[in-house]
Amino acid sequence: MKLATWNVNSLKVRLPQVLQWLADSPVDALCLQELKMDQDAFPLAEIEAAGYRAAWFGQKTYNGVAILTPAAYQLEDVVAGIPGYDDPQRRVIAATINGVRVICAYFVNGESVDSPKYAYKLEWLARMEAYVADELTRHPRLALLGDYNIAPEDRDLYDPEGWREQVLCSTPEREAFRRLQGLGLTDSFRLFNQEEKQFSWWDYRAMMFRRNLGVRIDHILITDELKARAQACVIDKTPRKWERPSDHTPVVLTLAD
DNA sequence: ATGGCTGTCCCTGACAGA
């Protein structure tokens with residue numbers, strides 16, 4: 001079983017790339033973030049024609065998340081948003097696929113540590129932590145996939161000194177990431193790769209991708225039951241090389257069946 | 001370099017992203 005996450009930065013623009021990528025590298029769950037489209041604008045017909053079904057939580061202009069799965073699977077117990085948290089920003093959707101609870105999340109960016117958006121980020125992180133803790137009481141096989149907007153360690157940044165205590169890697173954000181790990185979740189990428197400069201996002205500007213100056217902020221965290229089945233977790237840089245790419249690239253986890 | 005690029009919106013400039 002393969003699970004993947006990809007912040008597409010507009011599904012309207014990136015739909016052909018999503019379909020091409022799925023044709024090249026089929027997965028059993030693809031979590032998408034930053035759809036940037038209203039609920040009614042979701043391209044369900046094209047996705048179904050490609051052999052996939054979908055659950056999505058759309059929003060005009062900003063945010064928006066979706067989970068795609070092959071038509072052979074079901075999307076069970078779909079939950080949009082964080083229950084009990086009246087957040088106008090649509091950043092979370094969850095579904096059970098083939099016995100695995102899949103939570104797709106677009107974490108708050110925060111803009112900068114002195115911004116009101118950063119305070120919202122910390123509040124949102126606390127809500128997410130409580131939600132995941134609650135989900136874990138019911139789902140021993142759970143994966144939390146998405147754009148976390150957190151670089152967990154210095155080796156996940158191209159310039160740790162330049163980024164010191166900036167948004168994406170400030171101590172409170174990293175502590176929130178550690179608390180998610182403390183719930184019993186493992187950063188699946190680091191089960192297989194200990195190298196520094198393994199990035200999932202590169203700024204569009206200044207040829208940052210060609211110079212490999214990026215950050216690793218897209219993650220797949222998994223419970224122990226899934227950890228026992230994990231066979232590989234890779235960052236697929238291929239779509240970042242295509243014409244008019246998203247600034248993020250997919251992360252893919254392979255589990256034994 | 002408070003810069004560089006990309007996407008969106010009642011669109012030609014502002015906002016957001018990270």
# chains A, B, ... in the order shown; residues from 1 in each chain; ligands from 1
>>> residues_around(residues="A:Ala66", least_positions_apart="4", cutoff="9 Å", atoms="only C-alpha atoms (C1' of nucleotides)", output="VMD selection string")
chain A and resid 30 to 33 35 54 to 58 92 to 94 104
>>> interface_residues(of="chain A", to="chain B", cutoff="7 Å", atoms="only C-alpha atoms (C1' of nucleotides)", output="list in words")
Thr61, Asn109, Tyr204, Arg205 and Ala206 of chain A
>>> write_last_selection(atoms="N, CA and C atoms", output="short mmCIF file (atom, residue, chain, number, x, y, z; two decimals), in the first residue's frame")
data_model
loop_
_atom_site.label_atom_id
_atom_site.label_comp_id
_atom_site.auth_asym_id
_atom_site.auth_seq_id
_atom_site.Cartn_x
_atom_site.Cartn_y
_atom_site.Cartn_z
N THR A 61 -9.98 30.47 -3.36
CA THR A 61 -8.73 31.24 -3.28
C THR A 61 -7.65 30.63 -2.40
N ASN A 109 0.65 28.37 7.83
CA ASN A 109 2.00 28.86 7.54
C ASN A 109 2.53 29.74 8.69
N TYR A 204 10.08 29.52 -5.48
CA TYR A 204 10.11 29.69 -6.93
C TYR A 204 11.23 30.63 -7.38
N ARG A 205 11.62 31.51 -6.48
CA ARG A 205 12.53 32.60 -6.87
C ARG A 205 13.99 32.17 -6.77
N ALA A 206 14.81 32.90 -7.51
CA ALA A 206 16.27 32.79 -7.39
C ALA A 206 16.79 31.38 -7.66
#
>>> atom_distance(atom1="atom CA of A:Gln74", atom2="atom CA of A:Gly184")
26.4 Å
>>> select_by_dssp(residues="stretch 105-218 of chain A", states="strand (DSSP E)", output="number ranges by chain")
A: 105-106, 142-147, 186-187, 201-202, 214-215, 218
>>> atom_distance(atom1="atom CA of A:Ala130", atom2="atom CA of A:Lys227")
21.5 Å
>>> select_by_dssp(residues="stretch 179-256 of chain A", states="helix (DSSP H, G or I)", output="PyMOL selection string")
chain A and resi 179-182+188-191+205-207+224-227+238-241
>>> write_last_selection(atoms="N, CA and C atoms", output="PDB file, in the first residue's frame")
ATOM      1  N   ARG A 179       5.404  17.094  20.028  1.00  0.00           N
ATOM      2  CA  ARG A 179       4.234  16.604  20.755  1.00  0.00           C
ATOM      3  C   ARG A 179       3.425  15.641  19.891  1.00  0.00           C
ATOM      4  N   LEU A 180       3.324  15.924  18.600  1.00  0.00           N
ATOM      5  CA  LEU A 180       2.663  14.959  17.707  1.00  0.00           C
ATOM      6  C   LEU A 180       3.420  13.633  17.725  1.00  0.00           C
ATOM      7  N   GLN A 181       4.742  13.699  17.672  1.00  0.00           N
ATOM      8  CA  GLN A 181       5.541  12.473  17.768  1.00  0.00           C
ATOM      9  C   GLN A 181       5.302  11.787  19.113  1.00  0.00           C
ATOM     10  N   GLY A 182       5.142  12.605  20.149  1.00  0.00           N
ATOM     11  CA  GLY A 182       4.932  12.072  21.496  1.00  0.00           C
ATOM     12  C   GLY A 182       3.622  11.314  21.652  1.00  0.00           C
ATOM     13  N   SER A 188       8.046   9.169   9.079  1.00  0.00           N
ATOM     14  CA  SER A 188       8.414   7.980   8.287  1.00  0.00           C
ATOM     15  C   SER A 188       9.612   8.230   7.382  1.00  0.00           C
ATOM     16  N   PHE A 189       9.789   9.444   6.910  1.00  0.00           N
ATOM     17  CA  PHE A 189      10.939   9.717   6.034  1.00  0.00           C
ATOM     18  C   PHE A 189      12.254   9.410   6.747  1.00  0.00           C
ATOM     19  N   ARG A 190      12.316   9.747   8.024  1.00  0.00           N
ATOM     20  CA  ARG A 190      13.572   9.556   8.768  1.00  0.00           C
ATOM     21  C   ARG A 190      13.797   8.113   9.203  1.00  0.00           C
ATOM     22  N   LEU A 191      12.841   7.224   8.921  1.00  0.00           N
ATOM     23  CA  LEU A 191      13.104   5.793   9.116  1.00  0.00           C
ATOM     24  C   LEU A 191      14.105   5.285   8.082  1.00  0.00           C
ATOM     25  N   ARG A 205      11.621  31.514  -6.478  1.00  0.00           N
ATOM     26  CA  ARG A 205      12.529  32.600  -6.865  1.00  0.00           C
ATOM     27  C   ARG A 205      13.989  32.174  -6.773  1.00  0.00           C
ATOM     28  N   ALA A 206      14.805  32.899  -7.512  1.00  0.00           N
ATOM     29  CA  ALA A 206      16.266  32.789  -7.387  1.00  0.00           C
ATOM     30  C   ALA A 206      16.792  31.380  -7.659  1.00  0.00           C
ATOM     31  N   MET A 207      16.102  30.647  -8.520  1.00  0.00           N
ATOM     32  CA  MET A 207      16.570  29.300  -8.911  1.00  0.00           C
ATOM     33  C   MET A 207      16.878  28.423  -7.701  1.00  0.00           C
ATOM     34  N   ASP A 224       2.756   3.109  15.293  1.00  0.00           N
ATOM     35  CA  ASP A 224       3.664   1.954  15.377  1.00  0.00           C
ATOM     36  C   ASP A 224       3.206   0.791  14.496  1.00  0.00           C
ATOM     37  N   GLU A 225       1.889   0.597  14.411  1.00  0.00           N
ATOM     38  CA  GLU A 225       1.404  -0.511  13.571  1.00  0.00           C
ATOM     39  C   GLU A 225       1.789  -0.306  12.105  1.00  0.00           C
ATOM     40  N   LEU A 226       1.745   0.938  11.651  1.00  0.00           N
ATOM     41  CA  LEU A 226       2.154   1.215  10.274  1.00  0.00           C
ATOM     42  C   LEU A 226       3.680   1.242  10.152  1.00  0.00           C
ATOM     43  N   LYS A 227       4.337   1.705  11.194  1.00  0.00           N
ATOM     44  CA  LYS A 227       5.807   1.707  11.200  1.00  0.00           C
ATOM     45  C   LYS A 227       6.343   0.299  10.980  1.00  0.00           C
ATOM     46  N   THR A 238      10.514  14.525  -9.095  1.00  0.00           N
ATOM     47  CA  THR A 238      10.208  14.591 -10.534  1.00  0.00           C
ATOM     48  C   THR A 238       9.244  15.719 -10.895  1.00  0.00           C
ATOM     49  N   PRO A 239       8.074  15.833 -10.232  1.00  0.00           N
ATOM     50  CA  PRO A 239       7.134  16.868 -10.677  1.00  0.00           C
ATOM     51  C   PRO A 239       7.662  18.294 -10.485  1.00  0.00           C
ATOM     52  N   ARG A 240       8.629  18.453  -9.578  1.00  0.00           N
ATOM     53  CA  ARG A 240       9.192  19.803  -9.371  1.00  0.00           C
ATOM     54  C   ARG A 240      10.016  20.242 -10.578  1.00  0.00           C
ATOM     55  N   LYS A 241      10.374  19.270 -11.437  1.00  0.00           N
ATOM     56  CA  LYS A 241      11.168  19.577 -12.634  1.00  0.00           C
ATOM     57  C   LYS A 241      10.291  19.843 -13.845  1.00  0.00           C
TER      58      LYS A 241
END
>>> closest_residue(among="A:Glu195, A:Glu161, A:Thr223, A:Glu76", to="A:Arg141", atoms="only C-alpha atoms")
A:Thr223
>>> residues_around(residues="A:Arg14", least_positions_apart="5", cutoff="8 Å", atoms="only C-alpha atoms (C1' of nucleotides)", output="list in words")
Val8, Asn9, Pro245 and Ser246 of chain A
